[in-house]
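Participant: Structure below; questions to follow.
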Amino acid sequence: MSDLLAGQGPLFANPDPDAARAFFRQKKGALNNKLMPVSEAVAQFIHNGDYLASGGFGTNRIATAALHEIVRQKKADLGFAGHTTTHDFQILAAGNRHGHRLLSRIDAAYIVGLEARGLSTQARRLMESGDVDVCEWTNYALACRFRAAASGIPFLPLRSMLGTDTLKHSAAKEILCPFTGRKLTAVPALYPDVSLIHVHESDCHGNARIKGITVADYDLARASKRLIITAERIVSTDEIRSNPNATLIPAFCVDAVCHVPFGSYPGNMPGEYFSDEQHLKAWLNAERDSDTYEKFLTTYIYNVPNFETYLDRCGGTARLAELQKLEHL
Amino acid sequence: MSDLLAGQGPLFANPDPDAARAFFRQKKGALNNKLMPVSEAVAQFIHNGDYLASGGFGTNRIATAALHEIVRQKKADLGFAGHTTTHDFQILAAGNRHGHRLLSRIDAAYIVGLEARGLSTQARRLMESGDVDVCEWTNYALACRFRAAASGIPFLPLRSMLGTDTLKHSAAKEILCPFTGRKLTAVPALYPDVSLIHVHESDCHGNARIKGITVADYDLARASKRLIITAERIVSTDEIRSNPNATLIPAFCVDAVCHVPFGSYPGNMPGEYFSDEQHLKAWLNAERDSDTYEKFLTTYIYNVPNFETYLDRCGGTARLAELQKLEHL
Amino acid sequence: MSNYNAMELMICVAARLLENGATVGVGTGAPCAAAMLAQKTHAPNLLIVFEAGGLAPVLPAMPISVGDSRTSHKALMATSMCDIMETCQRGVVDYAFLGGAQIDAYGNLNSTVIGDYAHPKVRFPGSGGANDFASFCWRTLILTQHDRRRFVKQLDFLTTPGYLTGPGAREAAGLPANCGPYRVITDLAVMSFHEKTRRMQIDSLHPGITFEQVQAQTEFELGRANTITETLLPQPEELRLLREDVDPHQYIIGR
Amino acid sequence: MSNYNAMELMICVAARLLENGATVGVGTGAPCAAAMLAQKTHAPNLLIVFEAGGLAPVLPAMPISVGDSRTSHKALMATSMCDIMETCQRGVVDYAFLGGAQIDAYGNLNSTVIGDYAHPKVRFPGSGGANDFASFCWRTLILTQHDRRRFVKQLDFLTTPGYLTGPGAREAAGLPANCGPYRVITDLAVMSFHEKTRRMQIDSLHPGITFEQVQAQTEFELGRANTITETLLPQPEELRLLREDVDPHQYIIGR
């Protein structure tokens with residue numbers, strides 16, 4: 001098998017399913033009431049050194065309130081799963097400044113860019129600074145790493161990454177199929193210590209519903225050792241039980257449930273409100289000058305007591321009403 | 001690796017993803033109108049020698065009309081995926097009589113039994129006769145074989161079957177995890193030549209919705225080279241597009257769409273009607289005496305022009321109304 | 001067995017083993033009855049999962065199939081077989097109920113064939129989800145009638161893993177660590193597995209049953225727990241709930 | 001380029017390559033505009049898929065993100081990234097659009113770093129779903145500006161596979177057989193890949209552009225197709241639909 005390549009990138013999380021099984025076994029109280037403020041959820045369930053993952057897709061259905069709180073609480077030495085992460089990564093990158101190191105390990109599939117909107121100066125600065133260890137992946141490879149963990153198996157095989165530097169700089173390994181002899185890419189299970197997922201509806205136990213595309217959140221919710229749900233609406237368990245087909249995330253995956261209307265702002269929330277392109281543009285622009293950036297972060301993250309205040313500083317109910325209208329065009 | 005076990009059971013279908021890719025590439029016309037009678041769908045898309053799989057779960061959401069038609073059309077030399085297959089397998093077993101060989105290859109996870117209702121004499125006769133080649137699996141292992149095919153990869157690893165005769169008599173192979181060194185079971189992708197899935201609603205292209213548990217049908221639909229959908233109701237494509245979250249099976253998986261109200265009878269259809277335990281009991285009883293069985297099959301399959309007539313002979317609208325009532329208790 | 005029958009006793013014993021807040025994978029029949037009884041007595045937050053995709057339903061009646069619509073009635077989620085099995089494989093599910101045509105001293109089960117595999121005397125359904133449940137869930141519970149044809153020295157076919165050949169054998173085979181058969185509940189006694197030898201041993205005898213009677217119905221040699229107690233009888237409230245709420249039509253307890 | 005601009009030409013050329021009934025994976029911007037234009041002209045049954053989970057939407061407007069709600073507006077299904085990527089891996093998706101900071105003679109792409117990987121001059125987003133699309137989809141289409149900084153002899157980082165090192169290299173690497181880069185569409189020309197050497201060659205030159213001008217903007221040596229034609233101009237109806245229906249706000253064609 002000497003012709004089989006092993007990626008030289010760092011492996012940031014233990015893919016061993018028995019270690020994860022021991023953790024999941026002692027995680028009880030699926031039907032406890034898990035409602036709490038975002039500040040409490042972040043304080044209680046996110047620890048320095050944790051490996052973090054965020055759901056949604058960059059500027060779509062992201063848990064903005066929890067991301068801001070992580071920066072405000074100055075968490076340190078976090079690993080991060082950078083499947084298409086755009087504004088979420090941009091927010092966290094603010095934590096690596098003035099000698100503080102919020103992020104230290106990045107699994108990178110899509111980072112530093114905000115798709116058609118352009119690149120984030122500050123996210124680039126972080127990635128180019130050498131301040132973080134980086135491992136390369138593709139979006140599908142990271143999704144498969146979550147699925148392997150969600151399935152309770154240590155790896156999954158796939159057919160991308162082969163023949164590229166992306167594989168060489170990943171922690172994936174080439175294997176041979178035991179049935180066909182074909183060369184495949186094996187990617188190790190990724191069990192995040194804690195994840196953030198914003199949903200449309202959840203009950204107080206964390207039985208949650210998502211409308212529109214689910215991206216990788218079905219698997220991410222199951223793969224995560226701890227899970228913080230932020231929800232547009234809190235619904236009753238009777239409501240959840242009235243339509244079992246609508247549930248995507250079952251309560252036993254969840255540790256905290258936070259009620260955060262407009263929680264994906266300035267991102268898009270399918271069927272609820274569109275993204276605030278003005279605010280996202282302002283953010284990208286502010287990043288280009290360090291003084292401006294400092295003031296921007298003070299205004300929109302550091303000197304903000306809670307998420308409602310952030311929404312108000314971004315135009316409040318009037319602006320949100322515009323974004324709702326835009327979503328329903 | 002000499003300590004790694006390879007199951008000695010026969011492998012009935014080619015797990016090679018490139019062979020399947022070549023087939024899927026030439027399968028076009030996703031948005032054609034695929035509405036046709038069951039008889040035509042079975043005649044056109046099921047060929048002697050094909051490997052067949054059926055959706056649902058034995059007596060729940062099964063494509064009874066298509067299964068009867070396969071027996072009526074005297075298809076021959078079929079392979080069959082026996083994940084929890086109960087009444088569906090019992091129907092097909094009727095085809096292996098008087099020297100005719102409808103089934104020749106069985107991947108067996110759960111067969112011959114009808115759960116709490118007892119064993120099928122005729123299914124047992126078939127399995128004990130040596131008339132079919134058999135390979136052992138578990139329900140999850142077969143589900144993983146469908147998922148591997150649906151994913152376009154040649155195998156999936158799992159952690160059951162290990163240490164048992166079930167593995168020895170399967171076509172699975174033990175492998176070592178390239179990351180943890182753990183011993184795992186590798187199961188080969190299973191791409192059925194043709195599958196039958198009964199659904200609640202489908203449009204004329206095959207965009208289909210299922211209510212209640214999905215069992216393995218998300219993966220089975222995607223794994224199958226050809227797919228026959230039977231549906232309780234035909235809905236418009238506008239209706240499908242009005243709720244993209246409700247779709248489970250996209251049109252490009254589907255070859256035929258057949259409108260068959262009460263199509264899962266005598267099985268249960270979630271939210272529609274409960275199983276007809278009297279008819280299922282009558283079937284089990286009839287199997288115990290060959291003359292009685294012959295008459296039974298003549299009455300309920302061979303001398304039946306179509307599925308509506310079968311329903312009438314089983315009590316017709318009055319009985320169906322009772323089963324609807326029973327479902328909504 | 002005056003005011004209750006063996007099945008009722010077995011169901012009550014099994015129900016008591018399921019603590020509140022635990023998750024259990026069940027099939028139809030007695031296991032489902034035991035889980036339902038536990039919910040109605042000491043374990044209202046017991047989460048019941050069915051292999052076909054029913055997750056934590058409010059069971060309106062005894063299911064006939066592990067895939068029928070009752071198994072997802074008012075469920076927290078109606079999902080897939082893979083989701084349920086992977087929830088087990090991930091280590092989330094505490095208990096699973098199993099049965100079989102044969103069981104050996106290590107709790108291995110046969111539900112595939114009696115006789116030679118190539119030319120079986122009797123073909124049974126096979127593993128179904130049993131091998132998966134027994135491989136993945138932390139503790140498996142076995143409910144079965146007790147006689148010499150079932151409790152055998154040598155299985156005709158090892159369908160579903162117990163402790164295989166003894167201590168460490170599961171781990172050596174690659175199975176998840178620290179799980180396996182927990183209790184065997186029959187019409188005669190309740191058995192566990194010796195923590196060193198992993199062989200079956202009697203924990204408690206049902207009222208009026210002697211060790212010798214149980215051994216006589218068992219082909220292999222049974223061990224003895226440090227103290228063998230008498231199985232606690234079904235309590236009046238347990239019987240009332242079982243007969244009035246859980247199985248009013250006596251589908252299970254009528255047998 | 002009197003009555004149209006280069007972007008409009010590139011979009012029209014790309015749209016014509018997408019036959020009716022085909023399935024195409026797209027990102028935002030020009031690729032999405034091309035797919036939308038194809039639907040409005042010759043390919044009403046073109047199925048558009050987005051990597052984040054949007055399957056065959058009726059696009060009400062140009063999406064800003066491949067995961068925004070427009071990508072599943074009136075879609076046939078709102079699904080997951082794994083479902084879309086596995087539909088590609090299974091061989092169902094005919095075309096995918098790609099771009100990058102650098103491209104070489106074999107159509108390999110770099111969207112990760114400029115400079116040394118350990119100490120990059122510029123860090124770009126990385127593969128995203130590009131490597132997956134390029135590995136799985138039958139034919140990849142590359143839309144990009146044409147200059148010497150992009151069309152390079154040696155990539156700083158091979159993010160996404162083209163034909164790798166040449167004929168048979170994809171298959172040797174384990175990638176699915178018989179797929180790879182199909183066309184490269186730039187502001188100067190349309191290029192394909194020689195069926196023997198798998199190196200980039202010019203198929204058609206845009207009006208007023210010479211082979212030498214394109215070669216001057218390309219670091220590696222370009223091949224010549226047997227017959228090099230002039231790229232068909234955007235037709236009035238194509239331009240009308242593109243400007244009035246596809247991109248009325250000129251998000252893309254205004255650049």
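As shown in the structure tokens, the chain order sets the letters A, B, ...; within each chain, residues go from 1, and ligands are also counted from 1 in the order they appear.
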Report the residues of range 63-198 of chain A whose backbone DSSP state falls under alpha helix (DSSP H), written as a PyMOL selection string.
Facilitator: chain A and resi 64-72+87-93+121-129+139-151+165-168
Participant: Give the strand (DSSP E or B) residues of range 34-242 of chain B, as DSSP finds them on the backbone, and put them as a ChimeraX atom specification.
Facilitator: /B:35,51-54,60,78-82,103-108,113-114,116,119,133-136,155-158,173-176,183-188,194-202,208-209,215,226-234
Participant: Would you pick out the contacts of Gly223 in chain D at 8 Å or less, using only C-alpha atoms, so that residues sharing its chain but fewer than 2 positions from it are not included, and give the list as a list of chain:residue names?
Facilitator: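 Within the cut-off, the hits are D:His194, D:Arg199, D:Met200, D:Gln201, D:Ile202, D:Glu221, D:Ala225.
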Participant: Using Å and a single decimal, report how far CA of Ser54 in chain B sits from CA of Gly25 in chain C.
Facilitator: 24.4 Å
Participant: For chain A, list the residues within 7 Å of chain D, counting only C-alpha atoms, and write the list as a ChimeraX atom specification.
Facilitator: /A:57,60,84,109-113,115-116,124,127-128,138-140,143,159-166,182-184,212-216,268,270
Participant: Report as a ChimeraX atom specification the set of chain B residues whose atoms approach chain A to within 8 Å, with distances computed over only C-alpha atoms.
Facilitator: /B:15-16,153-159,173,175,177-180,186,188,211-213,244-245
Participant: Hey, can you spit out that residue selection with N, CA, C and O atoms as a short mmCIF file (atom, residue, chain, number, x, y, z; two decimals), in the first residue's frame?
Facilitator:
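Listing of result02.cif after writing:
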data_model
loop_
_atom_site.label_atom_id
_atom_site.label_comp_id
_atom_site.auth_asym_id
_atom_site.auth_seq_id
_atom_site.Cartn_x
_atom_site.Cartn_y
_atom_site.Cartn_z
N PRO B 15 -20.91 -3.89 -6.96
CA PRO B 15 -20.84 -2.68 -6.14
C PRO B 15 -20.04 -1.54 -6.78
O PRO B 15 -19.86 -0.50 -6.16
N ASP B 16 -19.57 -1.74 -8.02
CA ASP B 16 -18.66 -0.76 -8.63
C ASP B 16 -19.39 0.55 -8.96
O ASP B 16 -20.34 0.56 -9.75
N ILE B 153 -20.51 5.45 -3.58
CA ILE B 153 -19.26 4.86 -3.10
C ILE B 153 -19.42 3.35 -3.02
O ILE B 153 -20.53 2.85 -2.86
N PRO B 154 -18.31 2.59 -3.17
CA PRO B 154 -18.45 1.13 -3.30
C PRO B 154 -18.70 0.37 -2.00
O PRO B 154 -19.09 -0.79 -2.04
N PHE B 155 -18.48 1.01 -0.84
CA PHE B 155 -18.75 0.31 0.42
C PHE B 155 -18.97 1.31 1.55
O PHE B 155 -18.65 2.50 1.41
N LEU B 156 -19.51 0.82 2.64
CA LEU B 156 -19.61 1.59 3.88
C LEU B 156 -19.13 0.72 5.04
O LEU B 156 -19.33 -0.49 5.04
N PRO B 157 -18.49 1.36 6.04
CA PRO B 157 -18.11 0.62 7.24
C PRO B 157 -19.19 0.72 8.33
O PRO B 157 -19.87 1.75 8.43
N LEU B 158 -19.35 -0.35 9.08
CA LEU B 158 -20.25 -0.33 10.23
C LEU B 158 -19.69 -1.23 11.31
O LEU B 158 -18.68 -1.91 11.10
N ARG B 159 -20.36 -1.25 12.47
CA ARG B 159 -19.80 -1.95 13.64
C ARG B 159 -20.68 -3.09 14.13
O ARG B 159 -20.52 -3.54 15.25
N LYS B 173 -16.92 -7.88 4.49
CA LYS B 173 -15.52 -8.16 4.81
C LYS B 173 -15.08 -7.32 6.00
O LYS B 173 -15.47 -6.15 6.13
N ILE B 175 -12.48 -5.03 7.87
CA ILE B 175 -11.38 -4.14 7.50
C ILE B 175 -10.86 -3.47 8.77
O ILE B 175 -11.51 -3.53 9.82
N CYS B 177 -9.78 0.21 10.45
CA CYS B 177 -9.92 1.66 10.28
C CYS B 177 -8.54 2.28 10.07
O CYS B 177 -7.63 2.03 10.87
N PRO B 178 -8.36 3.08 9.01
CA PRO B 178 -7.04 3.67 8.75
C PRO B 178 -6.63 4.72 9.79
O PRO B 178 -5.47 5.12 9.83
N PHE B 179 -7.58 5.14 10.63
CA PHE B 179 -7.28 6.17 11.63
C PHE B 179 -7.15 5.61 13.04
O PHE B 179 -6.29 6.03 13.80
N THR B 180 -8.02 4.65 13.39
CA THR B 180 -8.04 4.15 14.77
C THR B 180 -7.50 2.72 14.87
O THR B 180 -7.29 2.22 15.98
N ALA B 186 -17.07 -4.01 6.56
CA ALA B 186 -17.30 -3.27 5.32
C ALA B 186 -18.39 -4.00 4.53
O ALA B 186 -18.30 -5.21 4.33
N PRO B 188 -20.67 -4.03 0.90
CA PRO B 188 -20.58 -3.52 -0.47
C PRO B 188 -21.85 -2.78 -0.89
O PRO B 188 -22.96 -3.13 -0.46
N LYS B 211 -45.23 10.11 4.27
CA LYS B 211 -45.56 10.54 5.63
C LYS B 211 -45.20 9.43 6.60
O LYS B 211 -45.32 8.26 6.28
N GLY B 212 -44.77 9.82 7.79
CA GLY B 212 -44.36 8.82 8.78
C GLY B 212 -42.94 8.36 8.53
O GLY B 212 -42.17 9.03 7.82
N ILE B 213 -42.60 7.22 9.08
CA ILE B 213 -41.21 6.74 8.98
C ILE B 213 -40.84 6.48 7.53
O ILE B 213 -41.67 6.07 6.73
N PRO B 244 -41.04 22.35 -0.72
CA PRO B 244 -39.84 21.57 -1.07
C PRO B 244 -39.30 20.73 0.07
O PRO B 244 -38.59 19.76 -0.16
N ASN B 245 -39.67 21.07 1.32
CA ASN B 245 -39.22 20.26 2.45
C ASN B 245 -39.91 18.91 2.51
O ASN B 245 -39.42 17.98 3.15
#
Participant: Range 210-212 of chain C: which residues within 10 Å, counting only C-alpha atoms, same-chain residues fewer than 6 positions away excluded, as a short mmCIF file (atom, residue, chain, number, x, y, z; two decimals) with N, CA, C and O atoms, in the first residue's frame?
Facilitator:
data_model
loop_
_atom_site.label_atom_id
_atom_site.label_comp_id
_atom_site.auth_asym_id
_atom_site.auth_seq_id
_atom_site.Cartn_x
_atom_site.Cartn_y
_atom_site.Cartn_z
N LEU C 188 -39.11 -18.92 34.27
CA LEU C 188 -38.64 -19.61 35.47
C LEU C 188 -37.78 -18.74 36.38
O LEU C 188 -37.82 -18.88 37.60
N ALA C 189 -36.97 -17.86 35.77
CA ALA C 189 -35.98 -17.14 36.56
C ALA C 189 -35.48 -15.88 35.84
O ALA C 189 -35.83 -15.63 34.68
N ILE C 202 -27.86 -17.45 37.61
CA ILE C 202 -29.19 -17.13 38.12
C ILE C 202 -29.11 -16.05 39.18
O ILE C 202 -28.35 -16.15 40.14
N SER C 204 -32.30 -14.44 40.29
CA SER C 204 -33.49 -14.66 41.11
C SER C 204 -34.36 -15.74 40.49
O SER C 204 -34.40 -15.91 39.27
N THR C 218 -32.08 -26.36 31.18
CA THR C 218 -30.95 -25.65 30.55
C THR C 218 -29.85 -26.64 30.22
O THR C 218 -29.38 -27.36 31.09
N LEU C 222 -25.54 -23.65 34.55
CA LEU C 222 -25.87 -22.31 35.02
C LEU C 222 -25.05 -21.95 36.25
O LEU C 222 -24.82 -22.80 37.11
N GLY C 223 -24.60 -20.71 36.33
CA GLY C 223 -23.93 -20.24 37.53
C GLY C 223 -24.94 -19.72 38.55
O GLY C 223 -26.15 -19.66 38.28
N ARG C 224 -24.40 -19.37 39.72
CA ARG C 224 -25.25 -18.82 40.79
C ARG C 224 -24.70 -17.44 41.16
O ARG C 224 -23.50 -17.29 41.39
N ILE C 228 -28.90 -15.56 45.55
CA ILE C 228 -30.04 -15.80 44.67
C ILE C 228 -31.31 -15.44 45.43
O ILE C 228 -31.59 -16.01 46.49
N GLU C 230 -35.63 -14.33 45.55
CA GLU C 230 -36.88 -14.70 44.89
C GLU C 230 -37.35 -13.49 44.09
O GLU C 230 -37.32 -12.37 44.56
#
Participant: Can you measure CA of Val246 in chain C to CA of Ala318 in chain B for me? One decimal in Å is fine.
Facilitator: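 Interatomic distance here is 29.5 Å.
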Participant: Determine, counting only C-alpha atoms, which protein, DNA and RNA residues have an atom within 9 Å of an atom of Tyr4 in chain D; residues of the same chain fewer than 4 positions away are not included. Present the result as JSON, numbers by chain.
Facilitator: {"D": [8, 9, 233, 234, 239]}
Participant: Which neighbours of Lys74 in chain C fall inside 7 Å, counting only C-alpha atoms, when residues of the same chain fewer than 3 positions from it are skipped, and could you give them as a ChimeraX atom specification?
Facilitator: /A:241-242,244 /C:57-58
Participant: So how many Å separate CA of Gln122 in chain B and CA of Glu287 in chain B, to one decimal?
Facilitator: 5.9 Å
Participant: Can you pull out every residue within 7 Å of Leu248 in chain B, counting only C-alpha atoms, but drop anything in the same chain fewer than 5 positions away, and send it as a list of chain:residue names?
Facilitator: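 In the requested format, the answer is B:Ala208, B:Arg209, B:Ile210, B:Tyr218.
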Participant: Compare B:Thr64, B:Ser129, B:Gln8, B:Asn207 by their minimum atom-to-atom distance to Asp255 in chain B, counting only C-alpha atoms, and give me the closest one.
Facilitator: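 Result for the nearest residue to Asp255 in chain B: B:Asn207.
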